[in-house]
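Text of structure_3.txt (compact mmCIF, C-alpha atoms) as supplied:
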```
# COMPACT_ATOMS: atom_id res chain seq x y z
CA LYS A 133 -11.29 -16.53 -3.77
CA ALA A 134 -7.90 -16.13 -5.37
CA GLY A 135 -5.94 -13.05 -4.40
CA VAL A 136 -4.23 -10.49 -6.58
CA THR A 137 -1.61 -12.08 -8.79
CA GLN A 138 1.34 -10.39 -10.41
CA THR A 139 3.70 -11.68 -13.07
CA PRO A 140 6.57 -11.97 -13.31
CA ARG A 141 7.73 -11.97 -9.69
CA TYR A 142 11.32 -11.05 -10.54
CA LEU A 143 12.82 -9.27 -13.51
CA ILE A 144 16.30 -8.10 -14.49
CA LYS A 145 16.71 -5.55 -17.27
CA THR A 146 19.41 -3.21 -18.51
CA ARG A 147 19.24 0.56 -18.87
CA GLY A 148 17.36 1.73 -21.93
CA GLN A 149 15.19 -1.36 -22.22
CA GLN A 150 11.46 -1.41 -21.63
CA VAL A 151 9.44 -3.70 -19.38
CA THR A 152 5.80 -4.77 -19.02
CA LEU A 153 4.37 -5.99 -15.73
CA SER A 154 1.04 -7.75 -15.39
CA CYS A 155 -1.60 -7.74 -12.65
CA SER A 156 -4.73 -9.87 -12.31
CA PRO A 157 -7.16 -8.46 -9.73
CA ILE A 158 -9.42 -10.38 -7.38
CA SER A 159 -12.45 -11.69 -9.23
CA GLY A 160 -15.15 -9.01 -9.32
CA HIS A 161 -12.79 -6.14 -8.55
CA ARG A 162 -12.85 -3.42 -11.18
CA SER A 163 -10.24 -0.98 -9.90
CA VAL A 164 -6.51 -1.60 -10.16
CA SER A 165 -3.88 0.69 -8.65
CA TRP A 166 -0.13 0.52 -9.07
CA TYR A 167 2.54 1.56 -6.59
CA GLN A 168 6.33 1.76 -6.65
CA GLN A 169 8.22 0.84 -3.48
CA THR A 170 11.86 1.83 -3.00
CA PRO A 171 14.00 2.11 0.14
CA GLY A 172 14.53 5.83 -0.42
CA GLN A 173 11.08 7.02 -1.49
CA GLY A 174 8.89 4.42 0.16
CA LEU A 175 5.52 3.56 -1.36
CA GLN A 176 4.40 5.93 -4.09
CA PHE A 177 1.20 5.87 -6.12
CA LEU A 178 1.66 5.47 -9.87
CA PHE A 179 -1.85 5.34 -11.32
CA GLU A 180 -5.30 3.80 -11.04
CA TYR A 181 -7.55 2.22 -13.64
CA PHE A 182 -11.26 1.58 -13.49
CA SER A 183 -13.36 0.17 -16.33
CA GLU A 184 -10.43 0.44 -18.73
CA THR A 185 -9.95 4.15 -17.99
CA GLN A 186 -7.16 5.83 -16.09
CA ARG A 187 -8.90 7.82 -13.36
CA ASN A 188 -5.90 9.02 -11.42
CA LYS A 189 -2.17 9.45 -11.88
CA GLY A 190 0.73 10.10 -9.53
CA ASN A 191 3.81 12.23 -10.13
CA PHE A 192 5.82 9.97 -12.37
CA PRO A 193 7.30 10.74 -15.79
CA GLY A 194 5.56 9.70 -18.98
CA ARG A 195 7.88 6.70 -19.29
CA PHE A 196 5.50 5.01 -16.87
CA SER A 197 2.24 4.01 -18.48
CA GLY A 198 -0.49 1.47 -18.00
CA ARG A 199 -3.68 0.05 -19.32
CA GLN A 200 -6.60 -2.06 -18.23
CA PHE A 201 -8.42 -4.69 -20.20
CA SER A 202 -12.12 -5.52 -20.29
CA ASN A 203 -11.59 -8.38 -17.81
CA SER A 204 -10.02 -5.84 -15.38
CA ARG A 205 -6.51 -7.25 -15.76
CA SER A 206 -3.95 -4.50 -15.92
CA GLU A 207 -0.48 -3.99 -17.28
CA MET A 208 2.07 -1.31 -16.60
CA ASN A 209 4.92 -0.44 -18.90
CA VAL A 210 8.14 1.37 -18.22
CA SER A 211 10.10 2.52 -21.25
CA THR A 212 13.74 3.58 -21.45
CA LEU A 213 14.59 2.08 -18.09
CA GLU A 214 16.85 3.96 -15.69
CA LEU A 215 18.82 2.62 -12.73
CA GLY A 216 16.45 4.46 -10.41
CA ASP A 217 13.51 2.42 -11.68
CA SER A 218 14.78 -0.56 -9.69
CA ALA A 219 11.99 -1.19 -7.22
CA LEU A 220 9.21 -3.44 -6.04
CA TYR A 221 6.10 -2.71 -8.10
CA LEU A 222 2.88 -3.48 -6.28
CA CYS A 223 -0.57 -3.84 -7.74
CA ALA A 224 -3.72 -3.49 -5.67
CA SER A 225 -7.34 -4.16 -6.55
CA SER A 226 -10.64 -3.04 -5.07
CA LEU A 227 -14.31 -3.20 -5.86
CA ALA A 228 -14.32 0.55 -6.49
CA PHE A 229 -18.05 0.90 -6.75
CA ARG A 230 -18.01 3.61 -4.12
CA ASP A 231 -15.09 6.00 -4.18
CA SER A 232 -11.96 5.69 -2.17
CA GLN A 233 -13.28 3.99 0.92
CA GLU A 234 -13.04 0.71 -0.84
CA THR A 235 -10.26 -1.38 0.63
CA GLN A 236 -7.31 -2.12 -1.60
CA TYR A 237 -5.91 -5.64 -1.62
CA PHE A 238 -2.30 -6.02 -2.69
CA GLY A 239 -0.49 -8.58 -4.76
CA PRO A 240 2.98 -9.96 -3.93
CA GLY A 241 4.72 -7.50 -6.24
CA THR A 242 7.20 -7.66 -9.09
CA ARG A 243 10.77 -6.93 -8.13
CA LEU A 244 12.55 -5.14 -10.97
CA LEU A 245 16.32 -4.74 -11.06
CA VAL A 246 17.80 -2.41 -13.68
CA LEU A 247 21.50 -2.90 -14.40
CA ALA B 229 -2.89 17.07 -0.34
CA GLN B 230 -2.29 14.55 2.37
CA SER B 231 0.74 13.33 4.25
CA VAL B 232 1.41 10.57 6.73
CA THR B 233 4.15 10.50 9.33
CA GLN B 234 5.18 7.36 11.12
CA LEU B 235 7.13 8.63 14.06
CA ASP B 236 9.38 5.62 14.58
CA SER B 237 11.36 3.99 11.80
CA GLN B 238 12.29 1.01 13.99
CA VAL B 239 10.71 -0.42 17.12
CA PRO B 240 12.44 -3.27 18.96
CA VAL B 241 10.42 -5.10 21.58
CA PHE B 242 10.59 -8.33 23.58
CA GLU B 243 8.17 -11.16 22.96
CA GLU B 244 4.91 -10.91 24.99
CA ALA B 245 5.48 -7.19 25.65
CA PRO B 246 2.96 -4.58 24.46
CA VAL B 247 3.73 -2.38 21.49
CA GLU B 248 2.48 0.88 19.99
CA LEU B 249 3.34 2.05 16.48
CA ARG B 250 2.60 5.73 15.99
CA CYS B 251 1.01 7.36 12.98
CA ASN B 252 0.01 10.98 12.41
CA TYR B 253 -1.60 12.36 9.29
CA SER B 254 -2.34 15.68 7.68
CA SER B 255 -5.29 16.32 5.39
CA SER B 256 -7.61 19.17 4.45
CA VAL B 257 -10.55 16.79 3.98
CA SER B 258 -11.95 13.86 5.91
CA VAL B 259 -9.96 10.68 5.53
CA TYR B 260 -10.10 6.95 5.73
CA LEU B 261 -7.22 5.29 7.57
CA PHE B 262 -5.50 1.95 7.14
CA TRP B 263 -2.71 -0.12 8.61
CA TYR B 264 -0.94 -2.65 6.41
CA VAL B 265 1.79 -5.16 7.27
CA GLN B 266 4.53 -6.34 4.93
CA TYR B 267 6.51 -9.48 5.59
CA PRO B 268 9.86 -9.96 3.82
CA ASN B 269 9.53 -10.48 0.07
CA GLN B 270 5.76 -10.18 0.19
CA GLY B 271 3.09 -7.65 -0.68
CA LEU B 272 0.99 -5.67 1.78
CA GLN B 273 -1.64 -7.30 3.97
CA LEU B 274 -4.45 -5.27 5.47
CA LEU B 275 -4.44 -5.28 9.29
CA LEU B 276 -7.35 -2.94 9.95
CA LYS B 277 -9.15 0.13 8.69
CA TYR B 278 -11.14 3.09 9.95
CA LEU B 279 -13.91 4.39 7.72
CA SER B 280 -16.40 5.84 10.22
CA GLY B 281 -18.14 5.07 13.50
CA SER B 282 -16.34 3.79 16.58
CA THR B 283 -12.88 5.29 16.89
CA LEU B 284 -11.44 2.04 18.28
CA VAL B 285 -10.90 -0.42 15.48
CA LYS B 286 -9.95 -4.06 15.89
CA GLY B 287 -8.06 -5.94 13.22
CA ILE B 288 -6.46 -9.26 12.54
CA ASN B 289 -3.78 -10.95 14.64
CA GLY B 290 -4.82 -9.12 17.82
CA PHE B 291 -4.00 -5.62 16.58
CA GLU B 292 -6.16 -2.58 17.26
CA ALA B 293 -5.93 1.12 16.47
CA GLU B 294 -7.58 4.26 17.75
CA PHE B 295 -8.56 7.17 15.56
CA ASN B 296 -8.06 10.53 17.27
CA LYS B 297 -9.41 13.32 15.09
CA SER B 298 -8.24 16.18 17.32
CA GLN B 299 -4.68 14.89 17.32
CA THR B 300 -4.89 13.58 13.74
CA SER B 301 -3.46 10.28 14.87
CA PHE B 302 -4.12 6.61 14.22
CA HIS B 303 -1.77 4.64 16.46
CA LEU B 304 -1.54 0.85 16.19
CA ARG B 305 -1.35 -1.26 19.34
CA LYS B 306 -1.01 -4.87 20.39
CA PRO B 307 -1.06 -5.93 24.05
CA SER B 308 1.31 -8.89 23.63
CA VAL B 309 3.50 -9.44 20.58
CA HIS B 310 4.87 -12.66 19.12
CA ILE B 311 8.03 -13.40 17.19
CA SER B 312 5.84 -13.82 14.11
CA ASP B 313 4.80 -10.13 14.31
CA THR B 314 8.27 -9.13 13.14
CA ALA B 315 7.60 -7.20 9.93
CA GLU B 316 7.27 -3.71 8.49
CA TYR B 317 4.08 -1.82 9.21
CA PHE B 318 2.62 0.94 7.08
CA CYS B 319 0.00 3.53 7.94
CA ALA B 320 -1.99 4.87 4.98
CA VAL B 321 -4.74 7.37 4.27
CA SER B 322 -7.21 7.99 1.48
CA ASP B 323 -9.77 10.74 1.19
CA ASN B 324 -13.32 11.00 -0.07
CA ALA B 325 -12.81 14.07 -2.20
CA GLY B 326 -13.25 12.12 -5.42
CA GLY B 327 -11.26 13.03 -8.49
CA THR B 328 -7.58 12.90 -7.62
CA SER B 329 -8.24 10.56 -4.72
CA TYR B 330 -9.49 7.67 -6.82
CA GLY B 331 -7.56 4.50 -6.05
CA LYS B 332 -4.83 6.40 -4.26
CA LEU B 333 -3.40 5.58 -0.86
CA THR B 334 -0.80 7.86 0.69
CA PHE B 335 1.61 5.87 2.84
CA GLY B 336 3.90 6.64 5.71
CA GLN B 337 7.55 5.63 5.53
CA GLY B 338 6.98 2.45 7.48
CA THR B 339 7.96 1.14 10.91
CA ILE B 340 10.06 -1.98 11.23
CA LEU B 341 8.89 -3.95 14.24
CA THR B 342 11.43 -6.46 15.53
CA VAL B 343 10.29 -8.87 18.23
CA HIS B 344 13.11 -10.40 20.27
CA PRO B 345 12.80 -13.66 22.24
```
Structure rendered as structure tokens:
Amino acid sequence: KAGVTQTPRYLIKTRGQQVTLSCSPISGHRSVSWYQQTPGQGLQFLFEYFSETQRNKGNFPGRFSGRQFSNSRSEMNVSTLELGDSALYLCASSLAFRDSQETQYFGPGTRLLVL
Amino acid sequence: AQSVTQLDSQVPVFEEAPVELRCNYSSSVSVYLFWYVQYPNQGLQLLLKYLSGSTLVKGINGFEAEFNKSQTSFHLRKPSVHISDTAEYFCAVSDNAGGTSYGKLTFGQGTILTVHP
């Protein structure tokens, strides 16, 4: 079975621009979570989608948004980029048919650099 | 709310020596516990998990962890490490409270394990 895939793997943007990252979950997985990883703040939860609905959201500003499609693929968007948005963005998928004990499987991440 | 503390930010060890990476958590509800490993420029790979049952959990690559509810700990151990175990290790928790726990893992700050020849 193919793992979680994320595109693009690397991205360079300038302040004020917007960016869209894509995540394809493992086949059959219906939940997709997004995380931001930075050296200073570590791994932080952004949001989670299940059946095209956002079920949970972390403490990030409204510039960070996402969506999920009917095939469970997910995108996240960051508008008006700031230097502090430079990070590794990780996507994780799980079956999610039974609450939070479902194991999350992570993709390789998208490394975003904001100049 | 939950929190996870990994007590050591860096652990150097010689090849074939044993290692323990420490993790403590805080939560007002029952939790599920995970250890993930991250190799340079890669995502996170699941090493092992505790959901219920036996408190000693075995994972991949010879790692094991023990859940201690009274001490709220979930330390990771390996009896003999290899050079290839050099990586960053993350302890994580999720809870079964529903609602705000959906799809959310709370991570520790990570422990960098460096195995020296």
Using all atoms of stretch 194-209 of chain A listed in the file and a margin of 6 Å per side, can you give the axis-aligned box centre and edge lengths in Å to one decimal, as JSON?
```
{"center_x": -2.1, "center_y": 0.7, "center_z": -17.8, "size_x": 32.0, "size_y": 30.1, "size_z": 16.9}
```
Residue among B:Val232, B:Ala320, B:Leu284, B:Val309 lying closest to B:Glu244, counting only C-alpha atoms |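 Ranked by minimum distance to B:Glu244, first place goes to B:Val309.
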Can you build me a table of chain B residues sitting at most 8 Å from chain A, with the closest atom pair per residue and its distance in Å to one decimal, using only C-alpha atoms, sorted by chain and residue number, as CSV?
```
residue,atom,partner,partner_atom,distance
B:Tyr260,CA,A:Gln233,CA,6.5
B:Asn269,CA,A:Pro240,CA,7.7
B:Gln270,CA,A:Pro240,CA,5.0
B:Gly271,CA,A:Pro240,CA,4.0
B:Leu272,CA,A:Phe238,CA,5.6
B:Gln273,CA,A:Phe238,CA,6.8
B:Leu274,CA,A:Tyr237,CA,7.2
B:Leu279,CA,A:Gln233,CA,6.8
B:Ser322,CA,A:Ser232,CA,6.4
B:Asp323,CA,A:Ser232,CA,6.4
B:Asn324,CA,A:Ser232,CA,5.9
B:Gly326,CA,A:Asp231,CA,6.5
B:Gly327,CA,A:Asn188,CA,7.3
B:Thr328,CA,A:Asn188,CA,5.7
B:Ser329,CA,A:Ser232,CA,6.6
B:Tyr330,CA,A:Ser232,CA,5.6
B:Gly331,CA,A:Glu180,CA,5.5
B:Lys332,CA,A:Phe177,CA,6.3
B:Leu333,CA,A:Phe177,CA,7.0
B:Thr334,CA,A:Gln176,CA,7.3
B:Phe335,CA,A:Leu175,CA,6.2
B:Gly336,CA,A:Gly174,CA,7.8
B:Gln337,CA,A:Gly174,CA,5.7
B:Gly338,CA,A:Gly174,CA,7.8
```
Residue contacts of B:Cys251 (8 Å, all atoms listed in the file) excluding same-chain residues fewer than 3 positions away, as a PyMOL selection string = chain B and resi 232-235+301-304+319+336
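Between atom CA of A:Glu214 and atom CA of A:Glu184 there is a distance of 27.7 Å.
Ranking B:Tyr317, B:Thr339, B:Pro345, B:Ser282 by their shortest atom-to-atom distance to B:Gln238, with only C-alpha atoms included, puts B:Thr339 first.
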Exercise: A:Leu245 partners within 8 Å, only C-alpha atoms, chain neighbours under 4 positions left out, as a short mmCIF file (atom, residue, chain, number, x, y, z; two decimals) with C-alpha atoms, keeping the file's coordinate frame:
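Once written, selection.cif looks like this:
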```
data_model
loop_
_atom_site.label_atom_id
_atom_site.label_comp_id
_atom_site.auth_asym_id
_atom_site.auth_seq_id
_atom_site.Cartn_x
_atom_site.Cartn_y
_atom_site.Cartn_z
CA LEU A 143 12.82 -9.27 -13.51
CA ILE A 144 16.30 -8.10 -14.49
CA LYS A 145 16.71 -5.55 -17.27
CA LEU A 215 18.82 2.62 -12.73
CA ASP A 217 13.51 2.42 -11.68
CA SER A 218 14.78 -0.56 -9.69
CA ALA A 219 11.99 -1.19 -7.22
#
```
Counting all atoms listed in the file, which residues of stretch 165-218 of chain A sit at most 7 Å from some atom of stretch 148-154 of chain A, and what is each one's closest atom pair with its distance in Å to one decimal, listed by chain and rising residue number, as CSV?
```
residue,atom,partner,partner_atom,distance
A:Ser206,CA,A:Ser154,CA,6.0
A:Glu207,CA,A:Ser154,CA,4.5
A:Met208,CA,A:Leu153,CA,5.3
A:Asn209,CA,A:Thr152,CA,4.4
A:Val210,CA,A:Val151,CA,5.4
A:Ser211,CA,A:Gln150,CA,4.2
A:Thr212,CA,A:Gly148,CA,4.1
A:Leu213,CA,A:Gly148,CA,4.7
A:Glu214,CA,A:Gly148,CA,6.6
```
Those residues with C-alpha atoms, as a short mmCIF file (atom, residue, chain, number, x, y, z; two decimals), keeping the file's coordinate frame please?
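And here's part.cif as it stands now:
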```cif
data_model
loop_
_atom_site.label_atom_id
_atom_site.label_comp_id
_atom_site.auth_asym_id
_atom_site.auth_seq_id
_atom_site.Cartn_x
_atom_site.Cartn_y
_atom_site.Cartn_z
CA SER A 206 -3.95 -4.50 -15.92
CA GLU A 207 -0.48 -3.99 -17.28
CA MET A 208 2.07 -1.31 -16.60
CA ASN A 209 4.92 -0.44 -18.90
CA VAL A 210 8.14 1.37 -18.22
CA SER A 211 10.10 2.52 -21.25
CA THR A 212 13.74 3.58 -21.45
CA LEU A 213 14.59 2.08 -18.09
CA GLU A 214 16.85 3.96 -15.69
#
```
Residues within 8 Å of B:Gln230, please, as a compact mmCIF listing (two decimals) with C-alpha atoms, in the frame of the given file. Count all atoms listed in the file; anything in the same chain fewer than 2 positions from it doesn't count.
```txt
# COMPACT_ATOMS: atom_id res chain seq x y z
CA VAL B 232 1.41 10.57 6.73
CA TYR B 253 -1.60 12.36 9.29
CA SER B 254 -2.34 15.68 7.68
CA SER B 255 -5.29 16.32 5.39
CA SER B 256 -7.61 19.17 4.45
CA VAL B 321 -4.74 7.37 4.27
CA THR B 334 -0.80 7.86 0.69
```
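Going from atom CA of A:Gly135 to atom CA of B:Phe318 covers 20.0 Å.
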Tell me which of B:Leu261, B:Gln266, B:Pro246, B:Ala229 sits closest to B:Tyr278, counting only C-alpha atoms.
->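 The shortest atom-to-atom distance to B:Tyr278 comes from B:Leu261.
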Would you mind reading off the distance between atom CA of B:Val257 and atom CA of B:Val285, one decimal, in Å?
->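 Separation between atom CA of B:Val257 and atom CA of B:Val285: 20.7 Å.
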Choose the residue, out of B:Gly290, B:Ser237, B:Lys297, B:Ala315, that has the smallest atom-to-atom separation from B:Tyr264; count all atoms listed in the file.
-> B:Ala315
Write out as a count of residues only each polymer residue whose atoms come within 10 Å of stretch 310-312 of chain B, counting only C-alpha atoms; drop sequence neighbours fewer than 3 positions from it.
-> 15
